[in-house]
Structure formats: structure tokens, C-alpha cells
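Shown next, in C-alpha cells, is the structure this report addresses.
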Amino acid sequence: MSMTAIPQTSVWRGVPGTLIALAGVVAVAFLAPQQGYILNILMQAATYATAVVGLVVVLGFCGQISIAQAAFMGLGAYGVAIGTVDFHLNFFAALVLAMSLAGALGLMLGVASLRLGGHYLAMVTISFQQILTLVLINWTSFTHGPDGVRNIARPALFGISFEQGNDFLGVCLTAMVLTAVAVWRLKSNRLGRAMRAVRDNELAAGTCGIDVFGTKVLAFGLSAVIGGLGGGLFAGGFRYISPDQFSFAESIVLLTMALLGGVQSPFGALLGTGLLVILPEWLRFLRQVYLAVYGAAVILIMVFLPDGLWGFVDEQMRKRARPIQGAVPPLPMLSETGAETDEAVLKVEGLAKHFGGIKALDGVDLLVRRGTVHALIGPNGSGKSTFVNVVTGLYRPTAGRIVFAGTDITGAAPHQRNRLGLARTFQNIRVFRGMTVLENVMVGAERPGNGLQGEAAGLRALAALDFVGLRGDAHRMVGQLSYGHQRYVEIARALAGSPQVLLLDEPAAGLNMTEKQELGALLRRLKGHGLTILIIDHDMNLVEQVADHITVLNFGRRIASGTKRDVLSNPDVIAAYLGEPRHEAA
Ligand code: ADP
Ligand code: MG
């Protein structure tokens, strides 16, 4: 299946399917009546479906709830209506202007609301939706008010007129197919994967080099432009529009269409829209009970197929995916045998982080030399995770300075730190649950600065999976793996980005004995290749196996730091942490 195979960079990918689909819709348009009931149904389905594909981008891919898709359709529709009727613009010129307006407003709303996270976008889009309806009704001199706009023009292009209803339907269906194909391709390219990573886990996405805020704004802007396209074509299709066609209730209908068909895929969007346009027409003979039957049908599908109709199809196809055969070039860092150097690749000075009265970190110094494994140990609650979170930019430090590879990163965003080559795993696993194992690792491979895209990123991801021994699971959804293997996926994701330093926050947490031993072997292999690692743990066995240097924290303060030998025999460390003198390994 294309979604889980290594992405092909060829421009021809999907072209035969697109041509068949286009031939199909041209045939439909040719056979459709020139006006009347059937034509109207088809016109509505085609233009709504286009707008719903926009929801796939913002909600399906990026996980942001927008309740204003009807408003963006309205902007597109009124742009075309007012542009052609009052300003006598060419239809396509008016359409492009209207789509730009929708996109610009989408970007502005996105910038204003998406930095806040949570469900602010949902709230802001509800308000925007209501405001737009009020403007359309009350700004009579410009919008024609509640009566709406009549006699909207249909276009002519290169001497071909689309005046006839079924000819214009051909335009709408073509736009629908091309939009769906573009969004389908987006899903499996770098930007689409970044959106889905943001949807599944914002923190992890940021530490994989993804600009979370920018990605969300872009997704919302794109969905607004696509909504504008659907609306503009709707205006041309019906030649008459009024404010109530783009109300809050319509936004909910569009959302339902997306969720019903399956919001993860543009084909789901087409399916859901087709069904919700046609279903009410079929059920009309039921008269009064029609709404109840219609509502029950929608609820049943959503309860039994939570990923929508297309989600079911997708799952069946994934089950048939076969393992990817063939050799891949090994991870670049594995061809090197890095030796310990004196270069301080990570230098932390006086780092403090206070949570109210709790001093989780209280003036910690730490220096990691390139080519070494540095362990940060300490009892539970001593500030180890806080240290990693501050160093990777998830928390702002209360005081102190962090220099990474010669750059002061104290104030940098998580994705900027990752782009410099700082990768991490999390104490509580943070994988991208809506994606396959391979896609998870590709997100790591595609970090800006790594210079990999498309097929090359896929091959790099496979090499990283080879290294952790999970290549055979590449096509599975990551959530189907055991806890221990999900941790390996996280490590592979970090490795695929060829980091300069890898931070591992309690990688052994939650693993059983066998898995712990496997992890120890994996870390020794990494160490053998000279990868610089900062490992956090309170399990001394693992630390003793791999560490060159150890720093010990207690109550947010550094109580010892030095070579493994010195630290483990330090009386303060023994008293505060180890409890009893340890025997030197033979
Ligand atoms: P460790 O990883 O060494 O077990 P942590 O860094 O998770 O320790 O926690 C250190 C201290 O900081 C603990 O007392 C913990 O309760 C507190 N702490 C950590 N994160 C937060 C937070 N986000 N808000 C408030 N307190 C926190
Ligand atoms: Mg911790």
C-alpha cells in the first residue's frame, strides 16, 4: 500500500490513478443532465466534498478542530459572487482572489489562536463563523444582505464556455479530484508527516525538529484555501447564494461528513460527503422519521467505525502490506568509529528550574565530551527529567546557560535545538500513535539539517529500524508493538536524524529483564560507534555497563561528577544514593 511503502519521489506517482479518476468525472459530467434536481445533487456533492477535503488537512492530519469550514466556503462563494456580479471580474480571477482572502484570514486566525494550544482553535473558529454570518446578513450595501446574490456568472476559459450546468459540473468534479489527489500526496510527504506528528504528540514533534506552531498555522491556512475553493465553485454551480448557506449549522454538517467518511484520508472525505448528500434524499420517503433514521445511521457508523468508513478500508489494506525487502545503506554514523575527544559538545552552567517553591534544579553544571557516554543519575525526584526537559527546550530555565556544539541554545525552541543535532527519547514513551513504525522513524530522518526527504528518508529510517531490530515491523501501527519495542522505535527515530548527542531519559523504565539486557547491548553498540550519549537512569546496572562519566543529582543539586570509578566510590554518593559500598567489577 502506498501509504506504508517507502515513499516514491517520482512525479509520476499516482498519475495513472488520477487520470482514470478524471476520465471518470468527465464522463459523469457529460452524462449528467443540463439542469434540474440530479444536477443540483451532484453539484452540491462535488463542491462540498472539496471543502471537506480541506478539513482532512486541518483536522485529519494536524488534529486541530476547525468549526468554520462553512465560513471559508462562504468567503469563497461571496468572493466569486460579488466579484463577478458587482465588479464584473472574470470567474477564475474572482475565484483566486476569494481563495486568497480565505487563506489570508485563515492564517491570521491561526496565528492568533494556535500558539495557545488546546482547543482554542475550536473556540475561535466558532466565533469567526458567527461573525461572518452577521457580516453577510447586515452589511447589505456590500453583501446584498439576507436576500443573497443572484445571477452569478459561470466561467469561460480558452474560448470554452462552462455555461451549461453539466459542463460546469465537470469543472467542479475536476477541482474535487485534483484537490483530493494533492491532499492524498500531502499525507505521505514530509509536510504531511510533520502535521500528523504534531497531531499525535506535540512535544515529541518539537523535539524531532518540527516547528509545531508553524505547521499548525500552515495546515489551517491550507484548509481555509480549500474551503474557499469549494465555496467559490458552489457559487458558480447554483448561481445564487445567501448567508444561511454558510452558517454554523453547515460547518457542523461538513465536520460530520469528514468524520463519517474518515478524516484521515481525502477519499474518506469524498465518501462521507457523498453519503451525507445522498442519504437524506434516499430517506425522504420516510417523511417524519427521516431525521431519526438519518441521525441513527450516522451515529452507528461512527460508533462501530471510529476511524470512519475509509479507516476500515485502510486497516484492511495495511494488513496486506508485505515487509520491505532489499538491502539499505547502513546508518552513516555506524561507518565511523568515533573516539573520545576533549571537545565539550554540551555544556550546561548553573542551570536552575523552580516550579513555585520546588527547586527541581538548583544550579547544576554538567559537561558532556564528544564521543563519551555520560550518565546522569540520582534518586526519584532528584531533577533528572527536569534537566533533560530544560536542555531540550520543553521548559525555560529559571537561571543558567546551555551551550550545544558551540551555540548558546538557552532560549531556543525545541525544534531549533533538534535541528542543531540534539535528539532525545522520553521517560514516558512518546511515539506518533496514528502512524506506522516506519513513518515514526521517517519523521526523525526528515529533521531539517539532516538533508533527507522522500525515498532517502525512507531508506534512512529503514536503516535505523535495522539497527534496533524492528525492520520486520515497519508497516505495523506503532501502537501494536510491545512497550519495549515502542521504546526502540523512539530510539530509532532519534538515530535516524543522525544526532550529535542523544539524550535518553530512563530508557530502561518499564522494560522487563530480557528487554533491559537487549537495551544494554544496543547501548553498547552505539557506544562502540562513538555516539555521544547522555543517559538518565536510576538503575545502576545499566549505568555501570555503559557510562564513561557520571554526574549525580540529589534534590536538584549536583553532589558528584567525574569518571565512573571516582563517582561510584565517592562517600557522599554512597551515603545519599547507593546506600552501601559497591564492589568494584572484576
Ligand atoms: P526525576 O526525573 O529525577 O525523577 P523530575 O525531574 O521528574 O525527577 O522531578 C524533580 C522535581 O520537580 C520533583 O519534585 C517533581 O515533583 C518536580 N516537578 C517536575 N516537573 C514538574 C512540573 N511540571 N511542575 C511542578 N513540579 C514538577
Ligand atoms: Mg524522571
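Naming scheme: A, B, ... for chains in displayed order of the C-alpha cells; residues 1 onward per chain; ligands 1 onward as shown.
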
Return as JSON lines the residues of chain A lying at most 12 Å from ligand 2, together with the closest atom-to-atom pair for each and the distance in Å to one decimal, counting only C-alpha atoms and all ligand atoms, with rows in chain order and ascending residue number.
```
{"residue": "A:Ala360", "atom": "CA", "partner": "ligand 2", "partner_atom_place_in_ligand_line": "1 (Mg)", "distance": 11.1}
{"residue": "A:Leu376", "atom": "CA", "partner": "ligand 2", "partner_atom_place_in_ligand_line": "1 (Mg)", "distance": 10.6}
{"residue": "A:Ile377", "atom": "CA", "partner": "ligand 2", "partner_atom_place_in_ligand_line": "1 (Mg)", "distance": 9.8}
{"residue": "A:Gly378", "atom": "CA", "partner": "ligand 2", "partner_atom_place_in_ligand_line": "1 (Mg)", "distance": 9.5}
{"residue": "A:Pro379", "atom": "CA", "partner": "ligand 2", "partner_atom_place_in_ligand_line": "1 (Mg)", "distance": 9.2}
{"residue": "A:Asn380", "atom": "CA", "partner": "ligand 2", "partner_atom_place_in_ligand_line": "1 (Mg)", "distance": 6.8}
{"residue": "A:Gly381", "atom": "CA", "partner": "ligand 2", "partner_atom_place_in_ligand_line": "1 (Mg)", "distance": 6.8}
{"residue": "A:Ser382", "atom": "CA", "partner": "ligand 2", "partner_atom_place_in_ligand_line": "1 (Mg)", "distance": 8.2}
{"residue": "A:Gly383", "atom": "CA", "partner": "ligand 2", "partner_atom_place_in_ligand_line": "1 (Mg)", "distance": 7.0}
{"residue": "A:Lys384", "atom": "CA", "partner": "ligand 2", "partner_atom_place_in_ligand_line": "1 (Mg)", "distance": 5.4}
{"residue": "A:Ser385", "atom": "CA", "partner": "ligand 2", "partner_atom_place_in_ligand_line": "1 (Mg)", "distance": 4.0}
{"residue": "A:Thr386", "atom": "CA", "partner": "ligand 2", "partner_atom_place_in_ligand_line": "1 (Mg)", "distance": 7.2}
{"residue": "A:Phe387", "atom": "CA", "partner": "ligand 2", "partner_atom_place_in_ligand_line": "1 (Mg)", "distance": 9.0}
{"residue": "A:Val388", "atom": "CA", "partner": "ligand 2", "partner_atom_place_in_ligand_line": "1 (Mg)", "distance": 8.8}
{"residue": "A:Asn389", "atom": "CA", "partner": "ligand 2", "partner_atom_place_in_ligand_line": "1 (Mg)", "distance": 9.7}
{"residue": "A:Thr425", "atom": "CA", "partner": "ligand 2", "partner_atom_place_in_ligand_line": "1 (Mg)", "distance": 11.7}
{"residue": "A:Phe426", "atom": "CA", "partner": "ligand 2", "partner_atom_place_in_ligand_line": "1 (Mg)", "distance": 8.9}
{"residue": "A:Gln427", "atom": "CA", "partner": "ligand 2", "partner_atom_place_in_ligand_line": "1 (Mg)", "distance": 6.3}
{"residue": "A:Asn428", "atom": "CA", "partner": "ligand 2", "partner_atom_place_in_ligand_line": "1 (Mg)", "distance": 8.9}
{"residue": "A:Leu504", "atom": "CA", "partner": "ligand 2", "partner_atom_place_in_ligand_line": "1 (Mg)", "distance": 10.5}
{"residue": "A:Asp505", "atom": "CA", "partner": "ligand 2", "partner_atom_place_in_ligand_line": "1 (Mg)", "distance": 6.7}
{"residue": "A:Glu506", "atom": "CA", "partner": "ligand 2", "partner_atom_place_in_ligand_line": "1 (Mg)", "distance": 6.8}
{"residue": "A:Pro507", "atom": "CA", "partner": "ligand 2", "partner_atom_place_in_ligand_line": "1 (Mg)", "distance": 10.3}
{"residue": "A:Ala508", "atom": "CA", "partner": "ligand 2", "partner_atom_place_in_ligand_line": "1 (Mg)", "distance": 11.5}
{"residue": "A:Ala509", "atom": "CA", "partner": "ligand 2", "partner_atom_place_in_ligand_line": "1 (Mg)", "distance": 9.5}
{"residue": "A:Ile535", "atom": "CA", "partner": "ligand 2", "partner_atom_place_in_ligand_line": "1 (Mg)", "distance": 11.2}
{"residue": "A:Ile536", "atom": "CA", "partner": "ligand 2", "partner_atom_place_in_ligand_line": "1 (Mg)", "distance": 7.8}
{"residue": "A:Asp537", "atom": "CA", "partner": "ligand 2", "partner_atom_place_in_ligand_line": "1 (Mg)", "distance": 7.9}
{"residue": "A:His538", "atom": "CA", "partner": "ligand 2", "partner_atom_place_in_ligand_line": "1 (Mg)", "distance": 8.9}
{"residue": "A:Asp539", "atom": "CA", "partner": "ligand 2", "partner_atom_place_in_ligand_line": "1 (Mg)", "distance": 11.8}
{"residue": "A:Leu553", "atom": "CA", "partner": "ligand 2", "partner_atom_place_in_ligand_line": "1 (Mg)", "distance": 11.6}
{"residue": "A:Gly556", "atom": "CA", "partner": "ligand 2", "partner_atom_place_in_ligand_line": "1 (Mg)", "distance": 12.0}
```

Please dump the current selection as a CSV table (one decimal), in the first residue's frame; keep N, CA, C and O atoms.
```csv
chain,number,residue,atom,x,y,z
A,360,ALA,N,13.5,22.2,41.5
A,360,ALA,CA,13.7,20.9,40.8
A,360,ALA,C,15.2,20.8,40.3
A,360,ALA,O,15.8,19.7,40.3
A,376,LEU,N,23.6,10.5,33.9
A,376,LEU,CA,23.1,11.4,35.0
A,376,LEU,C,22.2,10.6,35.9
A,376,LEU,O,21.1,10.1,35.4
A,377,ILE,N,22.6,10.4,37.1
A,377,ILE,CA,21.9,9.5,38.0
A,377,ILE,C,21.4,10.3,39.2
A,377,ILE,O,21.8,11.4,39.5
A,378,GLY,N,20.6,9.6,40.0
A,378,GLY,CA,20.0,10.2,41.2
A,378,GLY,C,18.7,9.6,41.5
A,378,GLY,O,18.1,9.0,40.7
A,379,PRO,N,18.3,9.7,42.8
A,379,PRO,CA,17.0,9.1,43.2
A,379,PRO,C,15.8,9.7,42.5
A,379,PRO,O,16.0,10.8,41.8
A,380,ASN,N,14.7,9.1,42.6
A,380,ASN,CA,13.5,9.6,42.0
A,380,ASN,C,13.2,11.0,42.5
A,380,ASN,O,13.4,11.3,43.7
A,381,GLY,N,12.8,11.9,41.6
A,381,GLY,CA,12.5,13.3,42.1
A,381,GLY,C,13.7,14.1,42.2
A,381,GLY,O,13.6,15.3,42.7
A,382,SER,N,14.9,13.7,41.8
A,382,SER,CA,16.1,14.5,42.1
A,382,SER,C,16.3,15.5,41.0
A,382,SER,O,17.2,16.3,41.1
A,383,GLY,N,15.5,15.5,39.9
A,383,GLY,CA,15.6,16.5,38.9
A,383,GLY,C,16.1,16.1,37.6
A,383,GLY,O,16.4,16.9,36.7
A,384,LYS,N,16.3,14.8,37.4
A,384,LYS,CA,16.9,14.3,36.1
A,384,LYS,C,16.0,14.6,34.9
A,384,LYS,O,16.6,15.1,33.9
A,385,SER,N,14.8,14.3,35.0
A,385,SER,CA,13.9,14.6,33.8
A,385,SER,C,13.8,16.1,33.6
A,385,SER,O,13.8,16.5,32.4
A,386,THR,N,13.7,16.8,34.7
A,386,THR,CA,13.6,18.3,34.5
A,386,THR,C,14.9,18.8,33.8
A,386,THR,O,14.8,19.6,32.9
A,387,PHE,N,16.0,18.2,34.1
A,387,PHE,CA,17.3,18.6,33.4
A,387,PHE,C,17.1,18.4,31.9
A,387,PHE,O,17.4,19.3,31.1
A,388,VAL,N,16.7,17.2,31.5
A,388,VAL,CA,16.5,16.9,30.1
A,388,VAL,C,15.5,17.8,29.5
A,388,VAL,O,15.7,18.3,28.3
A,389,ASN,N,14.4,18.0,30.2
A,389,ASN,CA,13.4,18.9,29.6
A,389,ASN,C,13.9,20.3,29.4
A,389,ASN,O,13.5,21.0,28.5
A,425,THR,N,14.9,10.8,23.8
A,425,THR,CA,13.7,9.9,24.0
A,425,THR,C,13.1,10.4,25.3
A,425,THR,O,13.7,11.2,26.1
A,426,PHE,N,11.9,9.9,25.6
A,426,PHE,CA,11.1,10.3,26.7
A,426,PHE,C,11.0,9.2,27.8
A,426,PHE,O,10.9,8.0,27.4
A,427,GLN,N,11.0,9.6,29.1
A,427,GLN,CA,10.7,8.6,30.1
A,427,GLN,C,9.4,7.9,29.9
A,427,GLN,O,9.3,6.7,30.0
A,428,ASN,N,8.4,8.7,29.6
A,428,ASN,CA,7.1,8.1,29.2
A,428,ASN,C,7.0,8.2,27.7
A,428,ASN,O,7.0,9.3,27.1
A,504,LEU,N,18.9,10.1,26.5
A,504,LEU,CA,17.9,9.0,26.8
A,504,LEU,C,17.4,9.2,28.3
A,504,LEU,O,18.2,9.1,29.2
A,505,ASP,N,16.1,9.5,28.4
A,505,ASP,CA,15.6,9.7,29.7
A,505,ASP,C,15.0,8.3,30.2
A,505,ASP,O,13.9,7.9,29.8
A,506,GLU,N,15.7,7.7,31.1
A,506,GLU,CA,15.3,6.4,31.7
A,506,GLU,C,14.8,5.4,30.6
A,506,GLU,O,13.7,4.9,30.6
A,507,PRO,N,15.7,5.0,29.7
A,507,PRO,CA,15.3,4.1,28.6
A,507,PRO,C,14.9,2.7,29.1
A,507,PRO,O,14.2,2.0,28.4
A,508,ALA,N,15.4,2.4,30.3
A,508,ALA,CA,15.1,1.0,30.8
A,508,ALA,C,13.7,1.0,31.6
A,508,ALA,O,13.3,-0.1,31.9
A,509,ALA,N,13.1,2.2,31.8
A,509,ALA,CA,11.9,2.2,32.6
A,509,ALA,C,10.8,1.4,31.9
A,509,ALA,O,10.6,1.6,30.7
A,535,ILE,N,22.8,9.6,29.3
A,535,ILE,CA,21.8,8.7,29.7
A,535,ILE,C,21.3,9.0,31.1
A,535,ILE,O,22.2,9.2,32.0
A,536,ILE,N,20.0,9.0,31.3
A,536,ILE,CA,19.5,9.3,32.6
A,536,ILE,C,18.9,7.9,33.1
A,536,ILE,O,18.2,7.3,32.4
A,537,ASP,N,19.2,7.6,34.3
A,537,ASP,CA,18.7,6.4,34.9
A,537,ASP,C,18.9,6.4,36.4
A,537,ASP,O,19.7,7.1,36.9
A,538,HIS,N,18.1,5.5,37.0
A,538,HIS,CA,18.4,5.2,38.4
A,538,HIS,C,18.7,3.8,38.6
A,538,HIS,O,18.9,3.3,39.7
A,539,ASP,N,18.8,3.1,37.5
A,539,ASP,CA,19.2,1.6,37.5
A,539,ASP,C,20.7,1.6,37.3
A,539,ASP,O,21.2,1.7,36.2
A,553,LEU,N,22.8,13.7,40.8
A,553,LEU,CA,21.9,14.7,41.3
A,553,LEU,C,21.3,14.2,42.6
A,553,LEU,O,21.0,13.1,42.8
A,556,GLY,N,17.9,18.2,43.2
A,556,GLY,CA,18.2,19.3,42.3
A,556,GLY,C,19.6,19.8,42.3
A,556,GLY,O,19.9,20.8,41.6
```

**OP:** For Asn189 of chain A, please output as a ChimeraX atom specification all residues within 9 Å (counting only C-alpha atoms; exclusion window: fewer than 3 positions along the same chain).
**Re:** /A:7,185-186,192-194,453-454

Original post:
atom CA of Ala297 of chain A and atom CA of His119 of chain A, how far apart in Å?
Top reply: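 Interatomic distance here is 28.0 Å.
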
**OP:** Name the residues of segment 213-450 of chain A that fall into helix (DSSP H, G or I) according to DSSP on the backbone, using the chain letters and numbers of this document, as a ChimeraX atom specification.
**Re:** /A:213-238,243-246,248-261,266-304,308-319,332-335,384-391,414-419,437-445

Original post:
Of the residues A:Thr410, A:Thr140, A:Ser188, A:Thr47, which is the one nearest to Met73 of chain A, using only C-alpha atoms?
Top reply: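 Checking each of A:Thr410, A:Thr140, A:Ser188, A:Thr47 against Met73 of chain A, counting only C-alpha atoms, the winner is A:Thr47.
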
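Among A:Leu157, A:Val26, A:Leu229, A:Ala46, the residue with the shortest atom-to-atom distance to Val96 of chain A, counting only C-alpha atoms, is A:Leu229.
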
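Each of A:Thr398, A:Thr50, A:Asn554, A:Thr125 was compared to ligand 1 using only C-alpha atoms and all ligand atoms, and A:Asn554 turns out to be the nearest.
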
**OP:** Can you work out which one of A:Gly356, A:Gly484, A:Gly497, A:Gly106 has the shortest atom-to-atom distance to ligand 1, counting only C-alpha atoms and all ligand atoms?
**Re:** A:Gly356

Could you pull the residues within 10 Å of Leu132 of chain A, counting only C-alpha atoms, minus those fewer than 3 positions along the same chain, as an mmCIF file with N, CA, C and O atoms, in the first residue's frame?
```cif
data_model
loop_
_atom_site.group_PDB
_atom_site.id
_atom_site.type_symbol
_atom_site.label_atom_id
_atom_site.label_comp_id
_atom_site.auth_asym_id
_atom_site.auth_seq_id
_atom_site.Cartn_x
_atom_site.Cartn_y
_atom_site.Cartn_z
ATOM 1 N N ALA A 68 -15.260 26.214 11.293
ATOM 2 C CA ALA A 68 -15.559 27.370 10.442
ATOM 3 C C ALA A 68 -15.399 27.033 8.970
ATOM 4 O O ALA A 68 -15.235 27.935 8.159
ATOM 5 N N ALA A 70 -17.562 26.132 6.868
ATOM 6 C CA ALA A 70 -18.634 26.764 6.092
ATOM 7 C C ALA A 70 -18.344 28.251 5.906
ATOM 8 O O ALA A 70 -18.667 28.836 4.864
ATOM 9 N N ALA A 71 -17.712 28.867 6.914
ATOM 10 C CA ALA A 71 -17.365 30.287 6.783
ATOM 11 C C ALA A 71 -16.362 30.489 5.649
ATOM 12 O O ALA A 71 -16.472 31.428 4.864
ATOM 13 N N PHE A 72 -15.374 29.582 5.550
ATOM 14 C CA PHE A 72 -14.394 29.724 4.467
ATOM 15 C C PHE A 72 -15.033 29.437 3.117
ATOM 16 O O PHE A 72 -14.702 30.061 2.118
ATOM 17 N N GLY A 74 -18.070 30.232 2.578
ATOM 18 C CA GLY A 74 -18.811 31.477 2.387
ATOM 19 C C GLY A 74 -17.920 32.573 1.804
ATOM 20 O O GLY A 74 -18.331 33.308 0.901
ATOM 21 N N LEU A 75 -16.696 32.670 2.325
ATOM 22 C CA LEU A 75 -15.772 33.676 1.791
ATOM 23 C C LEU A 75 -15.510 33.414 0.312
ATOM 24 O O LEU A 75 -15.502 34.343 -0.511
ATOM 25 N N SER A 127 -16.475 31.525 16.886
ATOM 26 C CA SER A 127 -16.738 32.967 16.891
ATOM 27 C C SER A 127 -16.629 33.535 15.481
ATOM 28 O O SER A 127 -17.479 34.318 15.043
ATOM 29 N N PHE A 128 -15.578 33.134 14.785
ATOM 30 C CA PHE A 128 -15.367 33.638 13.431
ATOM 31 C C PHE A 128 -16.564 33.284 12.544
ATOM 32 O O PHE A 128 -17.064 34.107 11.775
ATOM 33 N N GLN A 129 -17.025 32.049 12.694
ATOM 34 C CA GLN A 129 -18.176 31.582 11.934
ATOM 35 C C GLN A 129 -19.398 32.481 12.179
ATOM 36 O O GLN A 129 -20.061 32.918 11.239
ATOM 37 N N VAL A 135 -21.935 39.495 9.434
ATOM 38 C CA VAL A 135 -21.469 40.449 8.426
ATOM 39 C C VAL A 135 -22.216 40.222 7.116
ATOM 40 O O VAL A 135 -22.694 41.171 6.474
ATOM 41 N N LEU A 136 -22.353 38.964 6.716
ATOM 42 C CA LEU A 136 -23.025 38.669 5.447
ATOM 43 C C LEU A 136 -24.469 39.159 5.462
ATOM 44 O O LEU A 136 -24.989 39.650 4.462
ATOM 45 N N ILE A 137 -25.115 39.048 6.622
ATOM 46 C CA ILE A 137 -26.525 39.464 6.708
ATOM 47 C C ILE A 137 -26.655 40.984 6.787
ATOM 48 O O ILE A 137 -27.517 41.582 6.145
ATOM 49 N N ASN A 138 -25.766 41.606 7.560
ATOM 50 C CA ASN A 138 -26.004 43.015 7.903
ATOM 51 C C ASN A 138 -25.278 44.051 7.048
ATOM 52 O O ASN A 138 -25.686 45.206 7.002
ATOM 53 N N PRO A 243 -26.722 34.073 2.899
ATOM 54 C CA PRO A 243 -25.907 33.871 4.112
ATOM 55 C C PRO A 243 -26.183 32.551 4.833
ATOM 56 O O PRO A 243 -25.270 31.928 5.369
ATOM 57 N N PHE A 246 -24.071 29.309 4.615
ATOM 58 C CA PHE A 246 -22.713 29.198 5.141
ATOM 59 C C PHE A 246 -22.697 29.430 6.651
ATOM 60 O O PHE A 246 -21.823 30.081 7.198
ATOM 61 N N SER A 247 -23.697 28.895 7.310
ATOM 62 C CA SER A 247 -23.891 29.156 8.726
ATOM 63 C C SER A 247 -23.150 28.126 9.583
ATOM 64 O O SER A 247 -22.571 27.168 9.082
ATOM 65 N N PHE A 248 -23.214 28.335 10.886
ATOM 66 C CA PHE A 248 -22.633 27.417 11.866
ATOM 67 C C PHE A 248 -23.119 25.984 11.628
ATOM 68 O O PHE A 248 -22.340 25.033 11.652
#
```

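Nearest to Leu367 of chain A of all the residues A:Pro397, A:Lys516, A:Tyr294, A:Ser561 is A:Ser561, based on only C-alpha atoms.
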
Original post:
Which residue out of A:Leu59, A:Ile491, A:Leu481, A:Leu42 has the minimum interatomic distance to Ala464 of chain A when only C-alpha atoms are used?
Top reply: A:Ile491

**OP:** Would you please extract all strand (DSSP E) residues from segment 285-390 of chain A, as assigned by DSSP on the backbone, and give them as a list in words?
**Re:**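 Those residues are Ala344, Val345, Leu346, Lys347, Val348, Glu349, Gly350, Leu351, Ala352, Lys353, His354, Phe355, Ile358, Lys359, Ala360, Leu361, Asp362, Gly363, Val364, Asp365, Leu366, Leu367, Val368, Arg369, Val373, His374, Ala375, Leu376 and Ile377 of chain A.
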